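Peer 1: Sharing a structure, written as structure tokens. Questions coming.
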Amino acid sequence: MLLLRTLSSSNLLGLRSLVSRRSRLALHSSSMDAVEESLRKSLSEKQSAVEAQGNAVRALKAAAVTTSASKQEIDAAIENLNKLKLDKASIEKQLQAHIGGAGRDGSISKEAFRQAVVNTLERRLFYIPSFKIYRGVAGLYDYGPPGCSIKSNVLSFWRQHFILEENMLEVDCPCVTPEVVLKASGHVDKFTDLMVKDEKTGTCYRADHLLKDYCNEKLQKDLSMPPEKVAELKHVLATLDDLSTEELGAKIKEYGITAPDTKNSLSDPYPFNLMFQTSIGPSGVLPGYMRPETAQGIFVNFKDLYYFNGNKLPFAAAQVGQAFRNEISPRQGLLRVREFTLAEIEHFVDPEDKSHPKYSEVANLEFLMFPRDLQMSGQSAKIIRLGDAVSKGIVNNETLGYFIGRVYLFLTRLGIDKDRLRFRQHLANEMAHYACDCWDAEIECSYGWIECVGIADRSAYDLRAHTEKSGVPLVASEKFSEPKEVEKLVIAPVKKELGLAFKANQKKVVESLEAMSEKEALDMKAALESKGEVEFYVCTLEKNVTIKKSMVTINKERKKEHQRVFTPSVIEPSFGIGRIIYCLYEHSFYMRPSKAGDEQLNVFRFPPIVAPIKCTVFPLVQNQHYEAVAKSISKSLTAAGISHKIDVTGTSIGKRYARTDELGVPFAITVDSESSVTIRERDSKDQVRVNVEEAASVVKGVTEGHTTWADVWSTFPHHSSASQDD
């Protein structure tokens with residue numbers, strides 16, 4: 001379940017893990033970097049100098065009335081004051097630029113770059129707000145024709161890269177999910193964010209967002225803020241996900257935060273469940289929810305999938321589908337929405353053997369990784385060889401490492417900039433007690449580092465939870481060639497005694513007892529035998545409880561077994577498709593001057609594999625013979641399965657090129673004779689000349705990756721674009 005679930009506190013992977021992770025990036029993204037610290041220090045010193053010089057000027061002017069302070073002295077002091085003010089303004093400008101962030105070329109702010117991208121996307125109908133004629137609904141978007149094509153191409157490549165490559169079992173489960181399923185997974189009780197209300201209008205806001213926005217706005221706009229206050233606000237951002245309901249409410253009151261729209265006072269924070277509730281059937285007696293993730297459908301079908309796979313491990317099941325989150329205050333466009341597409345993989349593996357037969361294929365990949373030790377020491381992500389990360393234990397096991405490598409290849413082949421992609425390891429306090437290791441693929445865009453894929457070793461938690469709730473054993477087995485005598489640790493909670501002692505919390509105590517490692521269990525056994533009781537930390541209760549000797553039995557037993565029955569572990573890569581697509585939009589967008597140099601033209605440099613249209617066909621001028629050739633080429637492209645668009649309008653060829661560049665179309669065929677045509681590549685604007693009969697096959701070869709544009713450029717005659725330039 002991707003952490004990307006929505007960036008909500010119950011985020012993805014963490015959702016299921018029941019760990020609140022609203023600001024998981026805060027530790028490393030909010031700490032004051034060296035440049036900002038230096039600039040703020042310089043600004044503070046310069047401000048002090050300006051104030052001191054201002055006092056000196058005023059003193060000289062006052063002295064001029066009663067003493068002999070010369071006009072020359074006063075003018076020199078004023079000149080020095082003005083110079084200090086200019087220096088201060090220069091530092092302020094540098095600090096503002098650093099905080100606000102520059103665009104990709106450093107010439108515009110992140111906000112201005114983002115606005116240029118979004119304006120282009122909406123104008124060209126990549127996506128638009130849903131129900132627009134009724135003023136829309138926050139957090140809901142419609143994909144237009146190019147957006148649908150890109151989404152379809154991304155999912156098609158995802159299926160090819162993962163499902164086909166790994167022989168995964170694809171399933172398609174309902175969006176409506178009975179309550180009992182999500183009760184077992186923990187979503188009914190824990191899938192929440194903290195909300196506050198405008199006490200007069202009733203408008204709802206997400207509490208942590210208001211506090212985060214307040215801190216960021218103060219840091220960005222109040223450049224003369226004392227270093228102590230800067231450090232305080234940075235600390236709040238860094239610890240935002242650790243604040244309790246009471247602490248969050250206290251901070252909102254301390255800073256005087258009010259409703260953004262009305263400035264009215266706010267209620268105390270309280271939890272709000274993010275799932276859309278419904279009832280199944282007309283009687284209304286069977287409660288259900290719109291699924292917040294797709295993974296549960298795979299878990300509940302494990303028994304049948306295991307049988308379908310010949311009762312063999314490892315195997316992986318995958319699902320692509322819609323998920324729903326009733327976000328309190330959706331924002332950031334496609335990054336935080338109420339309905340979105342997830343692509344999730346559940347790779348089931350023997351917990352005693354997490355090797356992978358294809359691990360060597362990715363072991364030599366090198367890319368930005370952000371292990372927890374670098375985060376805790378305040379360092380930045382660094383390039384690490386994946387094989388080294390696994391061998392040194394930074395990544396827990398080969399299978400987890402294999403999928404991290406495959407995710408890296410998937411994203412970079414889609415067009416994500418490898419220099420703005422990193423894999424961040426979850427900190428210890430982000431992971432549930434049962435998780436072995438968790439990593440997020442984070443992509444940098446104008447909003448900062450965005451979690452787009454979660455890759456987690458979730459141990460056996462999910463299958464065990466559904467086994468207990470349903471009574472159906474979701475297990476695998478390994479048959480022995482000969483019976484084996486084995487020694488097994490048996491932890492047997494006495495549910496009657498635990499129920500009397502802990503009542504409604506009995507289940508959580510039982511789960512924690514059964515999840516103990518062998519060392520923990522044997523230590524408890526020794527303590528119970530010597531003292532009769534022991535303090536035991538139950539992480540789901542976030543407190544210690546007292547376990548007495550009568551509440552649990554712990555023994556080692558020896559017996560002969562013909563097979564080993566076990567609950568498989570799960571390695572889970574979970575992809576937020578909308579987030580990946582939005583980051584791809586930003587990474588692909590750039591502007592270049594027109595031929596005349598009087599305007600900036602927008603371009604999306606989509607790789608052919610995801611481009612919404614692979615090719616356009618243009619008659620150079622309106623000519624019956626040229627149009628016939630264009631239609632003939634169009635038929636050949638259709639037969640070859642190449643998406644394309646034919647444009648026989650009389651618009652200048654330069655304007656037609658510009659229109660299709662703005663859609664990210666990688667190739668354009670221009671018909672300027674009846675025997676041969678030119679093929680133009682979007683980013684270089686280079687053109688080659690090919691025979692009419694070859695045009696479709698050349699484009700097909702490049703768009704499907706069988707050849708490259710460099711191959712085409714070296715094979716065919718070059719064409720001067722002087723008469724057809726944009």
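Residues in the structure tokens are named by chain (A, B, ... in the order shown) and by number from 1 within that chain; ligands are numbered from 1 in the order shown.
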Mind checking which residues fall within 7 Å of Arg424 in chain A, counting only C-alpha atoms, ignoring those fewer than 3 positions away in the same chain, and posting them as a list of chain:residue names?
Peer 2: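 With the cut-off at 7 Å, the set is A:Met369, A:Phe370, A:Pro371, A:Trp439, A:Asp440, A:Ala441.
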Peer 1: Out of range 146-273 of chain A, which residues get strand (DSSP E) from DSSP, as number ranges by chain?
Peer 2: A: 169-170, 176-178, 192-197, 204-206, 270-273
Peer 1: Of the residues A:Ile404, A:Ile577, A:Ala668, A:Val57, which is the one nearest to Lys71 in chain A, using only C-alpha atoms?
Peer 2: A:Val57
Peer 1: Taking into account only C-alpha atoms, which residue in the set A:Val486, A:Ala138, A:Val176, A:Ile150 is nearest to Gln332 in chain A?
Peer 2: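 Checking each of A:Val486, A:Ala138, A:Val176, A:Ile150 against Gln332 in chain A, counting only C-alpha atoms, the winner is A:Ala138.
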Peer 1: Listing only residues of range 125-244 of chain A within 10 Å of range 87-99 of chain A, what is the closest atom pair and its distance in Å (to one decimal) for each, using only C-alpha atoms, sorted by chain and residue number ascending, as JSON lines?
Peer 2:
```
{"residue": "A:Asn216", "atom": "CA", "partner": "A:Ile99", "partner_atom": "CA", "distance": 9.6}
{"residue": "A:Leu219", "atom": "CA", "partner": "A:Ile99", "partner_atom": "CA", "distance": 8.2}
{"residue": "A:Gln220", "atom": "CA", "partner": "A:Ile99", "partner_atom": "CA", "distance": 6.1}
{"residue": "A:Lys221", "atom": "CA", "partner": "A:Gln96", "partner_atom": "CA", "distance": 7.9}
{"residue": "A:Asp222", "atom": "CA", "partner": "A:Gln96", "partner_atom": "CA", "distance": 9.7}
{"residue": "A:Leu223", "atom": "CA", "partner": "A:Glu92", "partner_atom": "CA", "distance": 6.9}
{"residue": "A:Ser224", "atom": "CA", "partner": "A:Glu92", "partner_atom": "CA", "distance": 8.7}
```
